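Participant: You'll find model22.txt just under this line, and it carries compact mmCIF, C-alpha atoms.
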```txt
# COMPACT_ATOMS: atom_id res chain seq x y z
CA MET A 19 -29.78 57.88 85.47
CA MET A 20 -27.40 55.16 84.26
CA LYS A 21 -29.91 52.53 85.37
CA HIS A 22 -32.59 54.31 83.35
CA LYS A 23 -30.39 54.26 80.22
CA PHE A 24 -29.66 50.56 80.62
CA LYS A 25 -33.35 49.90 81.16
CA SER A 26 -34.31 51.82 78.01
CA LEU A 27 -31.73 49.94 75.94
CA ALA A 28 -32.76 46.61 77.41
CA ILE A 29 -36.43 47.32 76.63
CA LEU A 30 -35.60 48.36 73.07
CA LEU A 31 -33.45 45.27 72.49
CA LEU A 32 -36.12 43.09 74.06
CA CYS A 33 -38.72 44.60 71.70
CA PHE A 34 -36.49 43.67 68.75
CA MET A 35 -36.15 40.11 70.04
CA VAL A 36 -39.65 39.21 71.22
CA ALA A 37 -41.98 41.41 69.18
CA CYS A 38 -42.85 38.67 66.72
CA LYS A 39 -45.22 35.78 67.11
CA ASP A 40 -43.09 32.71 66.61
CA GLY A 41 -39.43 31.76 66.89
CA LYS A 42 -38.79 31.65 63.17
CA GLN A 43 -40.25 35.08 62.53
CA THR A 44 -38.29 36.46 65.46
CA GLU A 45 -35.11 35.16 63.87
CA LYS A 46 -36.01 36.50 60.43
CA THR A 47 -37.57 39.88 61.18
CA GLY A 48 -37.22 40.62 64.87
CA ALA A 49 -33.51 40.15 65.56
CA LEU A 50 -30.97 42.92 65.28
CA LEU A 51 -29.97 43.74 61.70
CA PHE A 52 -26.24 43.67 62.53
CA PRO A 53 -24.39 42.47 65.65
CA GLN A 54 -24.05 45.08 68.40
CA GLY A 55 -20.27 44.63 68.58
CA ASP A 56 -17.95 45.82 71.32
CA LYS A 57 -18.66 48.47 73.92
CA ASN A 58 -16.73 51.65 73.31
CA THR A 59 -14.06 52.41 75.91
CA ASN A 60 -12.56 55.67 74.62
CA SER A 61 -13.46 59.19 75.70
CA ASN A 62 -14.79 60.34 72.32
CA PHE A 63 -18.29 59.35 73.39
CA LYS A 64 -20.48 59.98 76.43
CA GLY A 65 -22.75 57.21 77.67
CA ASP A 66 -22.92 53.63 76.46
CA VAL A 67 -22.03 53.05 72.83
CA TRP A 68 -21.34 49.81 70.95
CA VAL A 69 -19.48 49.59 67.64
CA LYS A 70 -19.38 46.73 65.15
CA SER A 71 -17.14 47.07 62.08
CA LEU A 72 -18.94 45.66 59.02
CA VAL A 73 -16.45 46.52 56.25
CA GLU A 74 -12.82 47.57 56.70
CA PRO A 75 -11.31 50.11 54.27
CA ASP A 76 -8.52 49.01 51.93
CA SER A 77 -6.48 50.64 49.16
CA LEU A 78 -9.12 49.79 46.51
CA ASN A 79 -12.16 50.97 48.50
CA GLU A 80 -11.44 53.38 51.31
CA ASN A 81 -14.91 53.36 52.84
CA ALA A 82 -15.23 52.00 56.36
CA VAL A 83 -18.73 50.76 57.22
CA GLY A 84 -19.74 50.29 60.84
CA ASN A 85 -22.85 49.66 62.90
CA VAL A 86 -23.13 51.94 65.94
CA THR A 87 -25.60 51.50 68.80
CA PHE A 88 -26.19 54.37 71.25
CA ALA A 89 -28.01 53.78 74.54
CA ALA A 90 -30.62 56.45 75.36
CA GLY A 91 -28.76 59.67 76.22
CA ALA A 92 -25.44 58.51 74.70
CA ARG A 93 -23.71 60.65 72.08
CA SER A 94 -20.42 61.31 70.33
CA ASN A 95 -18.23 64.32 71.01
CA TRP A 96 -18.12 66.95 68.28
CA HIS A 97 -15.89 65.71 65.44
CA THR A 98 -15.05 66.05 61.74
CA HIS A 99 -14.38 63.51 58.98
CA PRO A 100 -11.80 64.58 56.35
CA ALA A 101 -13.75 62.76 53.60
CA GLY A 102 -17.24 63.19 55.05
CA GLN A 103 -19.69 60.59 56.28
CA ILE A 104 -23.05 59.04 55.42
CA LEU A 105 -25.37 57.88 58.21
CA LEU A 106 -28.32 55.50 57.72
CA ALA A 107 -30.69 55.28 60.70
CA THR A 108 -31.86 51.69 61.19
CA GLU A 109 -33.61 51.65 64.60
CA GLY A 110 -34.75 53.85 67.46
CA VAL A 111 -34.62 57.65 67.67
CA GLY A 112 -31.41 59.65 67.34
CA TYR A 113 -30.08 63.19 67.17
CA TYR A 114 -27.68 64.77 64.63
CA GLN A 115 -26.33 68.31 64.65
CA GLU A 116 -23.91 70.24 62.46
CA LYS A 117 -22.06 73.19 64.03
CA GLY A 118 -24.14 76.35 63.73
CA LYS A 119 -27.34 74.53 62.78
CA ALA A 120 -30.28 73.20 64.77
CA LYS A 121 -30.28 69.62 66.04
CA ILE A 122 -32.37 67.28 63.92
CA ILE A 123 -34.12 64.03 64.85
CA LEU A 124 -33.27 60.79 63.03
CA ARG A 125 -35.60 57.81 62.77
CA LYS A 126 -35.42 54.39 61.10
CA GLY A 127 -35.07 54.90 57.34
CA ASP A 128 -33.53 58.40 57.51
CA SER A 129 -30.26 59.16 55.67
CA ILE A 130 -27.74 61.93 56.44
CA LYS A 131 -24.77 63.09 54.38
CA CYS A 132 -22.26 65.05 56.46
CA PRO A 133 -19.78 67.11 54.37
CA PRO A 134 -16.00 66.76 54.83
CA ASN A 135 -14.41 68.73 57.68
CA LEU A 136 -17.70 69.99 59.10
CA ALA A 137 -17.97 69.68 62.90
CA HIS A 138 -20.98 67.61 63.96
CA TRP A 139 -22.15 65.10 66.57
CA HIS A 140 -24.69 62.31 66.67
CA GLY A 141 -26.24 60.05 69.25
CA ALA A 142 -29.41 58.64 70.74
CA SER A 143 -32.35 60.71 71.90
CA GLN A 144 -32.88 61.25 75.62
CA ASP A 145 -35.40 58.41 76.02
CA THR A 146 -34.77 55.93 73.20
CA ALA A 147 -31.69 54.05 72.00
CA PHE A 148 -30.56 54.58 68.42
CA VAL A 149 -28.81 52.38 65.85
CA GLN A 150 -27.07 53.69 62.71
CA ILE A 151 -24.91 52.47 59.86
CA ALA A 152 -21.93 54.84 59.37
CA ILE A 153 -20.14 54.97 55.99
CA THR A 154 -16.91 56.89 56.39
CA GLY A 155 -14.28 57.55 53.72
CA ARG A 156 -10.74 57.07 55.06
CA GLN A 157 -8.87 58.40 52.00
CA HIS A 158 -7.92 61.69 53.67
CA GLY A 159 -7.10 60.36 57.12
CA PRO A 160 -8.89 59.54 60.36
CA THR A 161 -11.72 61.27 62.22
CA LYS A 162 -10.65 64.42 64.11
CA TRP A 163 -12.15 64.50 67.60
CA LEU A 164 -13.18 67.76 69.24
CA GLU A 165 -14.85 68.80 72.52
CA PRO A 166 -17.74 67.01 74.25
CA VAL A 167 -21.30 68.07 73.40
CA SER A 168 -22.70 70.30 76.15
CA ASP A 169 -25.94 69.25 77.82
CA GLU A 170 -27.53 72.39 76.36
CA ASP A 171 -26.53 71.44 72.80
CA TYR A 172 -27.63 67.84 73.43
CA ARG A 173 -31.05 68.91 74.65
CA GLY A 174 -31.25 71.40 71.78
CA LEU A 175 -32.04 74.42 73.98
CA MET B 2 -43.68 31.36 37.25
CA MET B 3 -44.26 35.13 37.41
CA LYS B 4 -47.27 34.55 39.63
CA HIS B 5 -45.10 32.45 41.92
CA LYS B 6 -42.50 35.22 42.17
CA PHE B 7 -45.13 37.82 43.01
CA LYS B 8 -46.64 35.48 45.56
CA SER B 9 -43.26 34.88 47.24
CA LEU B 10 -42.56 38.61 47.40
CA ALA B 11 -46.05 39.35 48.69
CA ILE B 12 -45.67 36.72 51.41
CA LEU B 13 -42.25 38.06 52.43
CA LEU B 14 -43.53 41.65 52.56
CA LEU B 15 -46.60 40.50 54.47
CA CYS B 16 -44.33 38.74 56.98
CA PHE B 17 -42.45 42.01 57.49
CA MET B 18 -45.71 43.90 58.04
CA VAL B 19 -47.74 41.54 60.22
CA ALA B 20 -45.18 39.42 62.07
CA CYS B 21 -45.38 41.50 65.23
CA LYS B 22 -48.00 41.45 67.92
CA ASP B 23 -49.37 44.97 67.99
CA GLY B 24 -49.61 47.93 65.66
CA LYS B 25 -46.96 49.99 67.37
CA GLN B 26 -44.39 47.22 67.33
CA THR B 27 -45.18 46.54 63.69
CA GLU B 28 -44.40 50.16 62.92
CA LYS B 29 -41.20 50.10 64.94
CA THR B 30 -39.70 46.73 64.11
CA GLY B 31 -41.80 45.07 61.42
CA ALA B 32 -42.01 47.66 58.64
CA LEU B 33 -39.53 47.84 55.80
CA LEU B 34 -36.25 49.50 56.74
CA PHE B 35 -36.25 51.75 53.65
CA PRO B 36 -38.95 52.46 51.04
CA GLN B 37 -39.08 49.96 48.18
CA GLY B 38 -38.83 52.70 45.54
CA ASP B 39 -39.56 52.43 41.85
CA LYS B 40 -39.77 49.25 39.79
CA ASN B 41 -36.83 48.84 37.45
CA THR B 42 -37.70 49.13 33.77
CA ASN B 43 -34.31 48.68 32.08
CA SER B 44 -32.86 45.47 30.69
CA ASN B 45 -29.91 45.25 33.11
CA PHE B 46 -31.99 43.05 35.40
CA LYS B 47 -34.13 39.95 34.97
CA GLY B 48 -37.29 39.60 37.04
CA ASP B 49 -38.90 42.17 39.31
CA VAL B 50 -36.51 44.61 40.97
CA TRP B 51 -37.24 47.84 42.85
CA VAL B 52 -34.67 50.58 43.49
CA LYS B 53 -34.80 53.44 46.00
CA SER B 54 -31.96 55.99 46.00
CA LEU B 55 -31.06 56.89 49.60
CA VAL B 56 -28.05 59.17 49.04
CA GLU B 57 -27.00 60.79 45.76
CA PRO B 58 -23.28 61.23 45.02
CA ASP B 59 -21.82 64.75 44.81
CA SER B 60 -18.37 66.25 44.26
CA LEU B 61 -17.52 66.08 48.00
CA ASN B 62 -18.70 62.50 48.55
CA GLU B 63 -18.97 60.35 45.46
CA ASN B 64 -20.71 57.40 47.08
CA ALA B 65 -24.20 56.58 45.87
CA VAL B 66 -26.29 54.63 48.39
CA GLY B 67 -29.37 52.75 47.25
CA ASN B 68 -31.84 50.20 48.56
CA VAL B 69 -32.53 47.37 46.10
CA THR B 70 -35.33 44.81 46.43
CA PHE B 71 -35.26 41.65 44.28
CA ALA B 72 -38.34 39.43 43.97
CA ALA B 73 -37.58 35.69 44.27
CA GLY B 74 -35.69 34.62 41.15
CA ALA B 75 -34.79 38.19 40.09
CA ARG B 76 -31.16 39.13 39.47
CA SER B 77 -28.87 41.66 37.86
CA ASN B 78 -26.91 41.02 34.68
CA TRP B 79 -23.17 40.57 35.05
CA HIS B 80 -21.57 44.01 35.59
CA THR B 81 -18.54 45.88 36.95
CA HIS B 82 -18.15 49.02 39.08
CA PRO B 83 -15.08 51.18 38.29
CA ALA B 84 -14.70 52.11 41.99
CA GLY B 85 -16.07 48.89 43.48
CA GLN B 86 -19.16 48.32 45.58
CA ILE B 87 -20.20 47.37 49.10
CA LEU B 88 -23.41 45.37 49.67
CA LEU B 89 -25.20 45.05 53.02
CA ALA B 90 -27.90 42.35 53.12
CA THR B 91 -30.89 43.57 55.14
CA GLU B 92 -33.67 41.03 54.49
CA GLY B 93 -34.43 37.73 52.77
CA VAL B 94 -32.01 35.40 51.01
CA GLY B 95 -29.83 36.47 48.08
CA TYR B 96 -27.08 35.26 45.78
CA TYR B 97 -23.77 36.94 44.86
CA GLN B 98 -21.15 35.68 42.44
CA GLU B 99 -17.82 37.03 41.16
CA LYS B 100 -16.62 35.82 37.74
CA GLY B 101 -14.66 32.59 38.12
CA LYS B 102 -15.77 31.94 41.70
CA ALA B 103 -18.63 29.96 43.21
CA LYS B 104 -21.96 31.64 43.94
CA ILE B 105 -22.40 32.53 47.59
CA ILE B 106 -25.59 32.97 49.64
CA LEU B 107 -26.32 36.27 51.40
CA ARG B 108 -28.57 36.63 54.43
CA LYS B 109 -29.64 39.55 56.65
CA GLY B 110 -26.54 41.01 58.31
CA ASP B 111 -24.03 39.82 55.68
CA SER B 112 -21.61 42.31 54.08
CA ILE B 113 -19.84 42.01 50.72
CA LYS B 114 -17.04 44.13 49.28
CA CYS B 115 -16.75 43.78 45.51
CA PRO B 116 -13.40 45.04 44.08
CA PRO B 117 -13.30 47.62 41.27
CA ASN B 118 -13.70 46.31 37.70
CA LEU B 119 -14.47 42.73 38.74
CA ALA B 120 -17.44 41.20 36.91
CA HIS B 121 -20.15 40.01 39.29
CA TRP B 122 -23.91 39.69 39.68
CA HIS B 123 -26.36 39.65 42.58
CA GLY B 124 -30.00 38.93 43.14
CA ALA B 125 -32.59 37.06 45.15
CA SER B 126 -32.55 33.32 45.74
CA GLN B 127 -34.95 31.12 43.79
CA ASP B 128 -37.59 30.98 46.52
CA THR B 129 -37.15 34.09 48.68
CA ALA B 130 -37.00 37.81 47.93
CA PHE B 131 -33.88 39.73 48.93
CA VAL B 132 -33.20 43.31 50.04
CA GLN B 133 -29.76 44.95 50.03
CA ILE B 134 -28.15 48.33 50.61
CA ALA B 135 -25.66 49.08 47.79
CA ILE B 136 -22.82 51.60 48.39
CA THR B 137 -21.23 52.42 45.05
CA GLY B 138 -18.38 54.89 44.43
CA ARG B 139 -19.03 57.02 41.33
CA GLN B 140 -15.59 58.71 41.19
CA HIS B 141 -14.39 56.64 38.22
CA GLY B 142 -17.61 56.61 36.22
CA PRO B 143 -20.81 54.60 35.99
CA THR B 144 -21.49 50.87 36.26
CA LYS B 145 -20.53 48.88 33.14
CA TRP B 146 -23.24 46.41 32.19
CA LEU B 147 -22.40 43.02 30.66
CA GLU B 148 -24.35 39.92 29.56
CA PRO B 149 -27.33 38.35 31.38
CA VAL B 150 -26.66 35.65 33.97
CA SER B 151 -27.38 32.22 32.52
CA ASP B 152 -29.89 30.01 34.32
CA GLU B 153 -27.00 27.59 34.99
CA ASP B 154 -24.92 30.29 36.67
CA TYR B 155 -27.98 31.50 38.58
CA ARG B 156 -28.74 28.03 39.91
CA GLY B 157 -25.05 27.51 40.65
CA LEU B 158 -24.79 24.24 38.75
```
Any chance you could give the structure as structure tokens?

Facilitator:
Amino acid sequence: MMKHKFKSLAILLLCFMVACKDGKQTEKTGALLFPQGDKNTNSNFKGDVWVKSLVEPDSLNENAVGNVTFAAGARSNWHTHPAGQILLATEGVGYYQEKGKAKIILRKGDSIKCPPNLAHWHGASQDTAFVQIAITGRQHGPTKWLEPVSDEDYRGL
Amino acid sequence: MMKHKFKSLAILLLCFMVACKDGKQTEKTGALLFPQGDKNTNSNFKGDVWVKSLVEPDSLNENAVGNVTFAAGARSNWHTHPAGQILLATEGVGYYQEKGKAKIILRKGDSIKCPPNLAHWHGASQDTAFVQIAITGRQHGPTKWLEPVSDEDYRGL
């Protein structure tokens, strides 16, 4: 299962890198939009997740902007953001679900606005890795982490 | 001159669309990240600029997120944002300058945080179109527009 996830991610990354005809075009249009960053090591996620901070919050602009890459099958735990969050899907196929609502599918070019203090999770689809930009206001404190997403919720059954 | 700008933009867009080897890969990795949106018609910009709103601000999250495409040579006037702005460069080559500082070059993957109430401008480079995501807090009011960027400032002389 883990091997399958790595394979899916490797294939997706390889597609990004070699899909174009010559070296210059690969560099310009085929490479990753943002660096993949460091592999997550905390227990707020299941599966392989990489996070790259793009913009740190400060007292004048309290938005944090990060690039998050989920291997196929990887997802966050349920969680809330005290000032809400905006997600921009930039590659692959992902899932997003708010508590009490149906899971929705995210694809490159999709935008999501998650209201403050509303429990939700996000991650990659079962078969395809997913990359998103996350814009998270820090003015009311950090993310509050909740329980893991059950396999039933993840599959959307 | 206008013809040249259109030609540069057309070539860049064509590169995005046809750089990859097969139709499926083109759809996945070669197409534009976000729609180009509507052509700007106001006088706050010089040259051809397209704007697509991705996320509208509301009372719970006052960030506006937009995708802005500048044809080669196009740029904004000088302006300030009362709550600052974050720019994420997603394609092409662009320029960014804060009042009193040197112009800097932006390329795919670069991030900029512009402080509140600081006069600045941004746009495409002379020869290459530029695409950016703009994240703009609306909690302290709208953008304040100032004078056009002189050709000397634009060229960085």

Participant: Once chain B is superposed on chain A with a least-squares fit on all C-alpha pairs taken in order, can you show it as a short mmCIF file (atom, residue, chain, number, x, y, z; two decimals) with C-alpha atoms, in the coordinates of the input?

Facilitator:
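Result written to result_36.cif:
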```cif
data_model
loop_
_atom_site.label_atom_id
_atom_site.label_comp_id
_atom_site.auth_asym_id
_atom_site.auth_seq_id
_atom_site.Cartn_x
_atom_site.Cartn_y
_atom_site.Cartn_z
CA MET B 2 -29.62 57.84 85.48
CA MET B 3 -27.28 55.08 84.27
CA LYS B 4 -29.79 52.48 85.40
CA HIS B 5 -32.46 54.28 83.40
CA LYS B 6 -30.29 54.24 80.27
CA PHE B 7 -29.59 50.53 80.62
CA LYS B 8 -33.27 49.88 81.21
CA SER B 9 -34.27 51.84 78.08
CA LEU B 10 -31.73 49.97 75.97
CA ALA B 11 -32.76 46.62 77.43
CA ILE B 12 -36.42 47.36 76.69
CA LEU B 13 -35.63 48.43 73.12
CA LEU B 14 -33.51 45.32 72.50
CA LEU B 15 -36.20 43.16 74.08
CA CYS B 16 -38.78 44.73 71.75
CA PHE B 17 -36.59 43.79 68.79
CA MET B 18 -36.27 40.20 70.04
CA VAL B 19 -39.79 39.37 71.22
CA ALA B 20 -42.09 41.63 69.20
CA CYS B 21 -42.97 38.92 66.70
CA LYS B 22 -45.38 36.07 67.08
CA ASP B 23 -43.29 32.96 66.58
CA GLY B 24 -39.66 31.96 66.87
CA LYS B 25 -39.01 31.78 63.16
CA GLN B 26 -40.40 35.22 62.48
CA THR B 27 -38.41 36.61 65.38
CA GLU B 28 -35.27 35.24 63.78
CA LYS B 29 -36.18 36.61 60.37
CA THR B 30 -37.61 40.02 61.14
CA GLY B 31 -37.19 40.73 64.85
CA ALA B 32 -33.49 40.16 65.52
CA LEU B 33 -30.91 42.90 65.28
CA LEU B 34 -29.87 43.71 61.72
CA PHE B 35 -26.14 43.61 62.55
CA PRO B 36 -24.27 42.43 65.68
CA GLN B 37 -23.96 45.06 68.41
CA GLY B 38 -20.17 44.65 68.61
CA ASP B 39 -17.86 45.84 71.34
CA LYS B 40 -18.59 48.50 73.95
CA ASN B 41 -16.68 51.70 73.34
CA THR B 42 -14.01 52.46 75.93
CA ASN B 43 -12.51 55.72 74.64
CA SER B 44 -13.44 59.24 75.70
CA ASN B 45 -14.79 60.36 72.30
CA PHE B 46 -18.29 59.35 73.39
CA LYS B 47 -20.46 59.98 76.43
CA GLY B 48 -22.74 57.20 77.66
CA ASP B 49 -22.90 53.61 76.48
CA VAL B 50 -22.00 53.04 72.84
CA TRP B 51 -21.27 49.80 70.98
CA VAL B 52 -19.41 49.60 67.66
CA LYS B 53 -19.28 46.72 65.16
CA SER B 54 -17.05 47.08 62.09
CA LEU B 55 -18.84 45.65 59.04
CA VAL B 56 -16.36 46.52 56.27
CA GLU B 57 -12.73 47.60 56.72
CA PRO B 58 -11.25 50.15 54.30
CA ASP B 59 -8.45 49.07 51.94
CA SER B 60 -6.43 50.71 49.17
CA LEU B 61 -9.05 49.84 46.51
CA ASN B 62 -12.09 51.00 48.50
CA GLU B 63 -11.39 53.41 51.32
CA ASN B 64 -14.86 53.37 52.85
CA ALA B 65 -15.17 52.01 56.37
CA VAL B 66 -18.66 50.75 57.23
CA GLY B 67 -19.68 50.29 60.85
CA ASN B 68 -22.78 49.64 62.91
CA VAL B 69 -23.07 51.92 65.95
CA THR B 70 -25.54 51.46 68.81
CA PHE B 71 -26.14 54.33 71.27
CA ALA B 72 -27.98 53.73 74.56
CA ALA B 73 -30.59 56.41 75.36
CA GLY B 74 -28.76 59.63 76.22
CA ALA B 75 -25.42 58.49 74.72
CA ARG B 76 -23.70 60.62 72.09
CA SER B 77 -20.43 61.29 70.33
CA ASN B 78 -18.25 64.32 70.99
CA TRP B 79 -18.15 66.97 68.28
CA HIS B 80 -15.92 65.72 65.43
CA THR B 81 -15.08 66.06 61.73
CA HIS B 82 -14.39 63.52 58.96
CA PRO B 83 -11.82 64.60 56.33
CA ALA B 84 -13.76 62.76 53.58
CA GLY B 85 -17.25 63.19 55.03
CA GLN B 86 -19.68 60.58 56.29
CA ILE B 87 -23.02 59.00 55.42
CA LEU B 88 -25.35 57.82 58.21
CA LEU B 89 -28.27 55.42 57.73
CA ALA B 90 -30.66 55.21 60.70
CA THR B 91 -31.80 51.61 61.20
CA GLU B 92 -33.55 51.55 64.60
CA GLY B 93 -34.70 53.77 67.46
CA VAL B 94 -34.60 57.55 67.67
CA GLY B 95 -31.40 59.58 67.34
CA TYR B 96 -30.10 63.13 67.16
CA TYR B 97 -27.71 64.72 64.63
CA GLN B 98 -26.38 68.26 64.64
CA GLU B 99 -23.96 70.21 62.43
CA LYS B 100 -22.13 73.18 64.00
CA GLY B 101 -24.25 76.31 63.70
CA LYS B 102 -27.43 74.48 62.73
CA ALA B 103 -30.36 73.13 64.73
CA LYS B 104 -30.33 69.56 66.02
CA ILE B 105 -32.41 67.21 63.90
CA ILE B 106 -34.14 63.94 64.84
CA LEU B 107 -33.28 60.70 63.02
CA ARG B 108 -35.59 57.71 62.77
CA LYS B 109 -35.38 54.28 61.09
CA GLY B 110 -35.02 54.80 57.33
CA ASP B 111 -33.51 58.31 57.51
CA SER B 112 -30.25 59.08 55.67
CA ILE B 113 -27.75 61.85 56.43
CA LYS B 114 -24.78 63.04 54.38
CA CYS B 115 -22.28 65.01 56.45
CA PRO B 116 -19.81 67.09 54.35
CA PRO B 117 -16.04 66.75 54.82
CA ASN B 118 -14.46 68.75 57.66
CA LEU B 119 -17.77 69.99 59.08
CA ALA B 120 -18.03 69.68 62.87
CA HIS B 121 -21.02 67.59 63.95
CA TRP B 122 -22.18 65.09 66.55
CA HIS B 123 -24.71 62.26 66.67
CA GLY B 124 -26.24 60.01 69.26
CA ALA B 125 -29.40 58.57 70.73
CA SER B 126 -32.36 60.64 71.89
CA GLN B 127 -32.89 61.17 75.61
CA ASP B 128 -35.40 58.34 76.01
CA THR B 129 -34.75 55.85 73.21
CA ALA B 130 -31.66 53.99 72.01
CA PHE B 131 -30.51 54.51 68.43
CA VAL B 132 -28.75 52.32 65.85
CA GLN B 133 -27.02 53.64 62.73
CA ILE B 134 -24.85 52.43 59.87
CA ALA B 135 -21.89 54.81 59.38
CA ILE B 136 -20.10 54.94 55.98
CA THR B 137 -16.89 56.90 56.40
CA GLY B 138 -14.26 57.57 53.70
CA ARG B 139 -10.72 57.11 55.06
CA GLN B 140 -8.86 58.46 51.99
CA HIS B 141 -7.94 61.76 53.65
CA GLY B 142 -7.11 60.44 57.11
CA PRO B 143 -8.88 59.60 60.35
CA THR B 144 -11.72 61.31 62.20
CA LYS B 145 -10.68 64.46 64.09
CA TRP B 146 -12.16 64.54 67.58
CA LEU B 147 -13.23 67.81 69.22
CA GLU B 148 -14.89 68.84 72.51
CA PRO B 149 -17.79 67.03 74.25
CA VAL B 150 -21.34 68.06 73.40
CA SER B 151 -22.77 70.27 76.13
CA ASP B 152 -26.00 69.18 77.81
CA GLU B 153 -27.60 72.33 76.35
CA ASP B 154 -26.60 71.39 72.81
CA TYR B 155 -27.68 67.80 73.42
CA ARG B 156 -31.12 68.86 74.63
CA GLY B 157 -31.34 71.36 71.77
CA LEU B 158 -32.16 74.32 74.00
#
```

Participant: Would you pick out the contacts of range 149-156 of chain A at 7 Å or less, using only C-alpha atoms, so that residues sharing its chain but fewer than 4 positions from it are not included, and give the list as a list in words?

Facilitator: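 Non-adjacent residues within range: Glu80, Asn81, Ala82, Val83, Gly84, Asn85, Val86, Thr87, Phe88, Ala101, Gly102, Gln103, Ile104, Leu105, Leu106, Ala107, Thr108, Glu109, Gly110 and Pro160 of chain A.
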
Participant: Hey, can you check how far CA of Lys102 in chain B sits from CA of Asp154 in chain B?

Facilitator: 10.6 Å

Participant: Name the closest residue to Val111 in chain A among the candidates A:Gly65, A:Gly159, A:Pro133, A:Gly141; distances are taken between atoms, counting only C-alpha atoms.

Facilitator: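 Among the listed residues, the smallest separation from Val111 in chain A belongs to A:Gly141.
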
Participant: With distances taken over all atoms listed in the file, which of A:Ile123, A:Ala142, A:Val73, A:Leu136 is nearest to chain B?

Facilitator: A:Val73

Participant: Any idea what the distance is between CA of Thr42 in chain B and CA of Lys126 in chain A?

Facilitator: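 The value is 27.9 Å.
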
Participant: With all atoms listed in the file as the basis for distance, which of B:Ser112, B:Ser77, B:Asn41, B:Ser60 is at the shortest distance from chain A?

Facilitator: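 Closest candidate: B:Ser112.
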
Participant: Please return the centre and edge lengths, in Å to one decimal, of a box with edges along x, y and z that contains all listed atoms of range 53-62 of chain B, widened by 6 Å on every side, as AutoDock Vina command-line options.

Facilitator:
```
--center_x -26.2 --center_y 59.8 --center_z 46.9 --size_x 29.3 --size_y 24.8 --size_z 17.3
```

Participant: Mind completing range 59-74 of chain B with N, CA and C atoms? Output as a CSV table (one decimal), in the frame of the given file, please?

Facilitator:
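Now in out21.csv:
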```csv
chain,number,residue,atom,x,y,z
B,59,ASP,N,-22.1,63.4,45.2
B,59,ASP,CA,-21.8,64.8,44.8
B,59,ASP,C,-20.3,64.9,44.8
B,60,SER,N,-19.8,66.1,44.5
B,60,SER,CA,-18.4,66.2,44.3
B,60,SER,C,-17.6,66.1,45.6
B,61,LEU,N,-18.2,66.2,46.7
B,61,LEU,CA,-17.5,66.1,48.0
B,61,LEU,C,-17.6,64.6,48.5
B,62,ASN,N,-18.6,63.9,48.1
B,62,ASN,CA,-18.7,62.5,48.6
B,62,ASN,C,-19.3,61.7,47.4
B,63,GLU,N,-18.5,60.9,46.7
B,63,GLU,CA,-19.0,60.4,45.5
B,63,GLU,C,-19.6,59.0,45.6
B,64,ASN,N,-20.0,58.6,46.9
B,64,ASN,CA,-20.7,57.4,47.1
B,64,ASN,C,-22.2,57.6,46.8
B,65,ALA,N,-22.8,56.7,46.0
B,65,ALA,CA,-24.2,56.6,45.9
B,65,ALA,C,-24.7,55.5,46.8
B,66,VAL,N,-25.7,55.7,47.5
B,66,VAL,CA,-26.3,54.6,48.4
B,66,VAL,C,-27.7,54.4,47.9
B,67,GLY,N,-28.0,53.1,47.7
B,67,GLY,CA,-29.4,52.8,47.2
B,67,GLY,C,-29.9,51.5,47.9
B,68,ASN,N,-31.2,51.4,48.0
B,68,ASN,CA,-31.8,50.2,48.6
B,68,ASN,C,-32.4,49.4,47.4
B,69,VAL,N,-32.1,48.2,47.3
B,69,VAL,CA,-32.5,47.4,46.1
B,69,VAL,C,-33.3,46.1,46.6
B,70,THR,N,-34.5,46.0,46.1
B,70,THR,CA,-35.3,44.8,46.4
B,70,THR,C,-35.5,43.9,45.2
B,71,PHE,N,-35.1,42.6,45.3
B,71,PHE,CA,-35.3,41.6,44.3
B,71,PHE,C,-36.4,40.7,44.7
B,72,ALA,N,-37.4,40.5,43.8
B,72,ALA,CA,-38.3,39.4,44.0
B,72,ALA,C,-37.6,38.1,43.8
B,73,ALA,N,-38.2,37.0,44.4
B,73,ALA,CA,-37.6,35.7,44.3
B,73,ALA,C,-37.3,35.4,42.8
B,74,GLY,N,-36.1,34.9,42.5
B,74,GLY,CA,-35.7,34.6,41.2
B,74,GLY,C,-35.1,35.8,40.4
```
